[in-house]
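Visitor: My structure is below; once you've seen it, I'll send some questions.
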Amino acid sequence: MPGSVWYEPSNGRLLDNHIEDICLKNTAQMKLGLKIDVDTYRGTKIGVPKLLETLAEFDIKASFFFSVGPDNMGRNLWRLVRPSFVVKMLRSRAPALYGWDILVRGTFWKGPVIGKRLPWVIKEAFKQGHEIGLHAWDHYRWQNHLDKLDTKDIFKSLQKGVELLEQVIGASVGCSAAPAWRCTDTVLIQKEKFSFAYNSDCRGHRIFYPVVGGRPIGQPQIPTTIPTYDEVIGRDGISDTNYNGYIMSFIRPGQLNVLTVHAEVEGISRNSMFRKFLRDFLTCGGKVSPLGSLLTSGMQLESFRIVRQLIPGREGWVSYQGI
């Protein structure tokens with residue numbers, strides 16, 4: 001509901017048969033928009049091919065949002081001076097979850113330009129019919145320094161990312177998703193200069209037009225509605241054993257359901273768990289689709305401002321659909 005954050009289990013545990021319970025309660029078809037963020041070189045090289053294999057197994061199409069510039073994500077290690085970041089690293093068991101190469105990539109040297117080093121991986125996702133969008137030029141810089149970037153910096157970052165991604169796939173890029181769900185009014189205005197049919201820059205509860213300076217931006221927002229693995233694992237009794245059932249509990253017929261997974265997590269260390277989630281969800285009669293298919297002709301959309309909000313399990317602010 002508007003203004004709410006995430007459901008928290010009151011008893012600290014989930015029943016093993018939770019998925020079966022949800023299947024019985026939801027007789028109408030559940031539709032899930034699947035958004036795949038690709039943040040790093042490792043996620044592109046290893047995670048994306050595995051996800052393509054997984055999605056092909058179930059005949060599913062999804063939306064892949066690629067980071068195509070330098071992979072400097074290892075510089076996040078400097079955030080260890082923040083206690084909240086240390087807690088998250090320990091709770092999610094980050095070294096085992098992401099791999100040490102991700103955690104040090106670009107720390108003491110400039111990271112590899114992903115789109116130039118691994119173009120065939122991105123091209124293969126496009127060839128298999130998945131929706132391709134821009135995630136970032138430099139994911140680390142956007143996530144950690146967006147507030148310091150001026151209008152020119154933001155536009156150039158978007159432009160470089162779009163140009164390289166279009167060069168790789170040989171087609172126009174029709175959508176984008178801000179890294180770490182961090183978006184500002186300046187970002188929304190600069191994105192209007194590109195031919196994006198929609199953006200997925202925030203968390204929220206329904207598709208809407210974002211408002212900047214009293215006017216709606218013409219590019220709809222399709223927000224993520226479901227928490228991510230790193231936000232909930234290790235909190236309030238959520239473990240790998242009951243995680244799938246917990247995520248399934250957010251999906252409801254007749255509402256917007258958007259799940260964001262990461263190539264670095266569901267594509268590598270948690271791929272088998274993700275495959276089981278897809279199998280169980282489809283068995284329940286659910287349907288998985290790319291985000292673009294959630295936009296229908298003649299859809300009447302309301303307008304909302306995008307605000308900054310803190311959500312459980314994530315360090316720092318995210319962009320959130322306002323009331």
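For the structure tokens, the naming scheme is as follows: chains receive sequential letters (A, B, ...) according to their order of presentation, residues are indexed from 1 within each chain, and ligands are indexed from 1 in presentation order.
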Any idea what's packed within 8 Å of A:Ala197, counting only C-alpha atoms, ignoring anything in its chain fewer than 3 positions away? Could you give it as a list of chain:residue names?

Guide: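 Surrounding residues, per the criterion: A:Gly174, A:Cys175, A:Gln219, A:Pro220.
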
Visitor: Which residues come within 12 Å of A:Ser200, counting only C-alpha atoms, excluding same-chain residues fewer than 5 positions away, as an MDAnalysis selection string?

Guide: chainID A and resid 33:37 63:65 133:135 174:183 188 191 206:210 219:225 258:260 290:292 294 306 319:321

Visitor: Write a file of the selected residues as a CSV table (one decimal), in the first residue's frame, keeping N, CA and C atoms.

Guide:
chain,number,residue,atom,x,y,z
A,33,GLY,N,6.7,-9.3,-13.0
A,33,GLY,CA,7.7,-8.6,-13.9
A,33,GLY,C,9.1,-8.9,-13.4
A,34,LEU,N,10.0,-9.5,-14.2
A,34,LEU,CA,11.3,-9.9,-13.8
A,34,LEU,C,12.4,-8.9,-14.3
A,35,LYS,N,13.0,-8.3,-13.4
A,35,LYS,CA,14.1,-7.3,-13.7
A,35,LYS,C,15.4,-7.9,-13.2
A,36,ILE,N,16.4,-7.9,-14.1
A,36,ILE,CA,17.7,-8.5,-13.8
A,36,ILE,C,18.7,-7.3,-13.9
A,37,ASP,N,19.3,-7.0,-12.8
A,37,ASP,CA,20.4,-6.0,-12.7
A,37,ASP,C,21.7,-6.6,-12.9
A,63,SER,N,13.8,-8.6,-18.3
A,63,SER,CA,14.4,-7.4,-18.6
A,63,SER,C,15.8,-7.4,-18.0
A,64,PHE,N,16.8,-7.3,-18.8
A,64,PHE,CA,18.2,-7.2,-18.4
A,64,PHE,C,18.7,-5.8,-18.4
A,65,PHE,N,19.2,-5.3,-17.3
A,65,PHE,CA,19.7,-3.9,-17.3
A,65,PHE,C,21.2,-4.0,-17.0
A,133,GLY,N,18.1,-3.1,-21.3
A,133,GLY,CA,18.1,-1.7,-20.9
A,133,GLY,C,19.4,-1.3,-20.3
A,134,LEU,N,19.6,0.0,-20.1
A,134,LEU,CA,20.8,0.6,-19.4
A,134,LEU,C,20.7,0.6,-17.9
A,135,HIS,N,21.7,0.0,-17.2
A,135,HIS,CA,21.7,0.2,-15.8
A,135,HIS,C,22.6,1.3,-15.4
A,174,GLY,N,15.7,1.0,-25.2
A,174,GLY,CA,14.4,1.6,-24.9
A,174,GLY,C,14.0,1.7,-23.5
A,175,CYS,N,14.9,1.4,-22.5
A,175,CYS,CA,14.6,1.5,-21.1
A,175,CYS,C,15.8,1.6,-20.3
A,176,SER,N,15.6,2.0,-19.0
A,176,SER,CA,16.8,2.2,-18.1
A,176,SER,C,16.3,1.9,-16.7
A,177,ALA,N,17.3,1.7,-15.8
A,177,ALA,CA,17.1,1.5,-14.4
A,177,ALA,C,18.2,2.0,-13.6
A,178,ALA,N,18.0,2.9,-12.7
A,178,ALA,CA,19.1,3.6,-12.0
A,178,ALA,C,19.7,2.6,-11.0
A,179,PRO,N,21.0,2.6,-10.9
A,179,PRO,CA,21.8,1.8,-10.0
A,179,PRO,C,21.3,2.0,-8.5
A,180,ALA,N,21.1,1.0,-7.8
A,180,ALA,CA,20.8,1.0,-6.3
A,180,ALA,C,19.5,1.8,-6.1
A,181,TRP,N,18.6,2.0,-7.1
A,181,TRP,CA,17.4,2.7,-7.0
A,181,TRP,C,17.7,4.2,-6.5
A,182,ARG,N,18.7,4.8,-7.1
A,182,ARG,CA,19.0,6.1,-6.7
A,182,ARG,C,18.8,7.0,-7.9
A,183,CYS,N,17.8,7.9,-7.8
A,183,CYS,CA,17.4,8.8,-8.9
A,183,CYS,C,17.0,10.2,-8.3
A,188,LEU,N,15.8,12.4,-13.8
A,188,LEU,CA,14.6,12.3,-14.6
A,188,LEU,C,14.5,13.2,-15.8
A,191,LYS,N,17.0,12.0,-18.5
A,191,LYS,CA,16.5,10.8,-19.2
A,191,LYS,C,15.5,11.1,-20.2
A,206,ARG,N,2.9,0.9,-7.8
A,206,ARG,CA,2.2,0.9,-9.1
A,206,ARG,C,3.0,1.6,-10.1
A,207,ILE,N,2.6,1.4,-11.4
A,207,ILE,CA,3.3,2.2,-12.5
A,207,ILE,C,2.7,3.6,-12.5
A,208,PHE,N,3.6,4.6,-12.7
A,208,PHE,CA,3.2,6.0,-12.6
A,208,PHE,C,4.1,6.9,-13.4
A,209,TYR,N,3.6,8.1,-13.6
A,209,TYR,CA,4.4,9.2,-14.1
A,209,TYR,C,5.1,10.0,-13.0
A,210,PRO,N,6.4,10.1,-13.0
A,210,PRO,CA,7.0,10.9,-11.9
A,210,PRO,C,6.8,12.4,-12.2
A,219,GLN,N,8.0,9.8,-19.3
A,219,GLN,CA,8.5,8.4,-19.3
A,219,GLN,C,7.9,7.7,-18.0
A,220,PRO,N,7.1,6.7,-18.1
A,220,PRO,CA,6.6,6.0,-17.0
A,220,PRO,C,7.7,5.4,-16.1
A,221,GLN,N,7.4,5.3,-14.8
A,221,GLN,CA,8.2,4.5,-13.9
A,221,GLN,C,7.6,3.2,-13.6
A,222,ILE,N,8.3,2.1,-13.7
A,222,ILE,CA,7.8,0.8,-13.3
A,222,ILE,C,8.7,0.4,-12.1
A,223,PRO,N,8.2,0.6,-10.9
A,223,PRO,CA,9.0,0.4,-9.7
A,223,PRO,C,9.1,-1.1,-9.3
A,224,THR,N,10.2,-1.3,-8.6
A,224,THR,CA,10.4,-2.6,-7.9
A,224,THR,C,9.5,-2.7,-6.7
A,225,THR,N,8.7,-3.7,-6.5
A,225,THR,CA,7.8,-3.8,-5.4
A,225,THR,C,8.1,-4.8,-4.4
A,258,VAL,N,6.9,-6.7,-9.2
A,258,VAL,CA,8.1,-6.6,-9.9
A,258,VAL,C,9.2,-7.1,-8.9
A,259,LEU,N,9.9,-8.1,-9.4
A,259,LEU,CA,11.1,-8.6,-8.6
A,259,LEU,C,12.4,-8.3,-9.3
A,260,THR,N,13.3,-7.7,-8.5
A,260,THR,CA,14.6,-7.5,-9.1
A,260,THR,C,15.6,-8.5,-8.5
A,290,PRO,N,9.0,-9.7,-19.1
A,290,PRO,CA,9.8,-8.5,-19.0
A,290,PRO,C,8.9,-7.3,-18.6
A,291,LEU,N,9.6,-6.2,-18.0
A,291,LEU,CA,8.8,-5.1,-17.5
A,291,LEU,C,8.0,-4.4,-18.6
A,292,GLY,N,8.6,-4.3,-19.8
A,292,GLY,CA,7.9,-3.6,-20.8
A,292,GLY,C,6.6,-4.1,-21.1
A,294,LEU,N,4.4,-5.0,-19.1
A,294,LEU,CA,3.5,-4.5,-18.1
A,294,LEU,C,2.8,-3.2,-18.5
A,306,ILE,N,8.8,11.4,-6.7
A,306,ILE,CA,9.7,10.4,-6.2
A,306,ILE,C,10.4,11.0,-5.0
A,319,SER,N,15.3,5.8,-3.9
A,319,SER,CA,14.1,6.5,-4.5
A,319,SER,C,12.9,5.7,-4.3
A,320,TYR,N,11.8,6.4,-3.9
A,320,TYR,CA,10.6,5.7,-3.5
A,320,TYR,C,9.4,6.5,-4.1
A,321,GLN,N,8.4,5.7,-4.6
A,321,GLN,CA,7.2,6.4,-5.1
A,321,GLN,C,6.5,7.1,-3.9

Visitor: Which of these residues is nearest to A:Val121, using only C-alpha atoms: A:Thr151, A:Ala56, A:Trp137, A:Arg42?

Guide: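 When distances to A:Val121 are compared using only C-alpha atoms, the smallest one comes from A:Arg42.
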
Visitor: Fewer than 3 positions away in the same chain doesn't count, so skip those; otherwise give me all residues within 8 Å of stretch 160-173 of chain A, counting only C-alpha atoms, as JSON, numbers by chain.

Guide: {"A": [67, 68, 69, 115, 119, 120, 122, 123, 126, 132, 133, 134, 136, 137, 156, 157, 195, 196]}

Visitor: Quote the spacing between atom CA of A:Cys284 and atom CA of A:Phe250 in Å to one decimal place.

Guide: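 According to the coordinates, atom CA of A:Cys284 and atom CA of A:Phe250 are separated by 14.2 Å.
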
Visitor: If DSSP is run on the backbone, what residues of stretch 99-166 of chain A are strand (DSSP E or B)? A reply as a list in words would be ideal.

Guide: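 Taking stretch 99-166 of chain A and keeping strand (DSSP E or B) gives Val113, Glu131, Ile132, Gly133, Leu134, His135 and Ala136 of chain A.
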
Visitor: Just checking: using only C-alpha atoms, which residue out of A:Gly285, A:Thr186, A:Met73, A:Arg203 ends up closest to A:His139?

Guide: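 Among the listed residues, A:Met73 lies closest to A:His139.
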
Visitor: According to DSSP computed on the backbone, where in stretch 217-269 of chain A is there alpha helix (DSSP H)? Give the residues as a list in words.

Guide: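 For stretch 217-269 of chain A, the alpha helix (DSSP H) set is Tyr229, Asp230, Glu231, Val232, Tyr243, Asn244, Gly245, Tyr246, Ile247 and Met248 of chain A.
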
Visitor: From the list A:Pro112, A:Gly313, A:Gly47, A:Gly213, which residue is nearest A:Val232 when using only C-alpha atoms?

Guide: A:Gly313

Visitor: Residues at most 8 Å from A:Glu264, counting only C-alpha atoms, excluding those fewer than 3 positions away in the same chain, as JSON, numbers by chain?

Guide: {"A": [38, 39, 40, 42, 43, 47, 98, 267, 268, 269]}

Visitor: Take the residues from that selection and write them out as a PDB file, in the first residue's frame, keeping N, CA and C atoms.

Guide:
ATOM      1  N   VAL A  38      22.533  -6.114 -13.765  1.00  0.00           N
ATOM      2  CA  VAL A  38      23.881  -6.654 -13.973  1.00  0.00           C
ATOM      3  C   VAL A  38      24.853  -5.534 -13.614  1.00  0.00           C
ATOM      4  N   ASP A  39      25.490  -5.681 -12.460  1.00  0.00           N
ATOM      5  CA  ASP A  39      26.285  -4.589 -11.901  1.00  0.00           C
ATOM      6  C   ASP A  39      27.766  -4.657 -12.237  1.00  0.00           C
ATOM      7  N   THR A  40      28.303  -5.854 -12.511  1.00  0.00           N
ATOM      8  CA  THR A  40      29.748  -6.048 -12.517  1.00  0.00           C
ATOM      9  C   THR A  40      30.240  -6.886 -13.697  1.00  0.00           C
ATOM     10  N   ARG A  42      32.075  -9.625 -13.328  1.00  0.00           N
ATOM     11  CA  ARG A  42      31.839 -11.027 -12.974  1.00  0.00           C
ATOM     12  C   ARG A  42      30.380 -11.420 -13.206  1.00  0.00           C
ATOM     13  N   GLY A  43      29.473 -10.532 -12.837  1.00  0.00           N
ATOM     14  CA  GLY A  43      28.070 -10.821 -13.055  1.00  0.00           C
ATOM     15  C   GLY A  43      27.744 -10.977 -14.525  1.00  0.00           C
ATOM     16  N   GLY A  47      27.381 -14.724 -14.400  1.00  0.00           N
ATOM     17  CA  GLY A  47      25.982 -14.738 -13.995  1.00  0.00           C
ATOM     18  C   GLY A  47      24.991 -14.666 -15.135  1.00  0.00           C
ATOM     19  N   TYR A  98      29.201 -12.909  -3.258  1.00  0.00           N
ATOM     20  CA  TYR A  98      29.593 -12.196  -4.471  1.00  0.00           C
ATOM     21  C   TYR A  98      30.913 -12.659  -5.068  1.00  0.00           C
ATOM     22  N   GLY A 267      22.347 -15.282 -10.368  1.00  0.00           N
ATOM     23  CA  GLY A 267      23.008 -15.857 -11.526  1.00  0.00           C
ATOM     24  C   GLY A 267      24.192 -16.735 -11.188  1.00  0.00           C
ATOM     25  N   ILE A 268      24.680 -16.661  -9.943  1.00  0.00           N
ATOM     26  CA  ILE A 268      25.884 -17.424  -9.581  1.00  0.00           C
ATOM     27  C   ILE A 268      25.633 -18.241  -8.308  1.00  0.00           C
ATOM     28  N   SER A 269      25.879 -17.660  -7.159  1.00  0.00           N
ATOM     29  CA  SER A 269      25.860 -18.430  -5.914  1.00  0.00           C
ATOM     30  C   SER A 269      24.470 -18.906  -5.511  1.00  0.00           C
TER      31      SER A 269
END

Visitor: For A:Ala263, which of A:Tyr41, A:Gln29, A:Val48, A:Tyr140 is the closest residue, counting only C-alpha atoms?

Guide: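 Counting only C-alpha atoms, the residue closest to A:Ala263 is A:Val48.
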
Visitor: Please compute the atom CA of A:Ile114-atom CA of A:Pro70 distance, one decimal, in Å.

Guide: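 That distance, rounded to one decimal, is 6.1 Å.
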
Visitor: Show me, as a list of chain:residue names, the residues that have an atom within 10 Å of A:Asp240 when counting only C-alpha atoms, minus same-chain residues fewer than 4 positions from it.

Guide: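 Near A:Asp240, the qualifying residues are A:Tyr229, A:Ile233, A:Gly234, A:Asn244, A:Gly245, A:Arg270, A:Met273.
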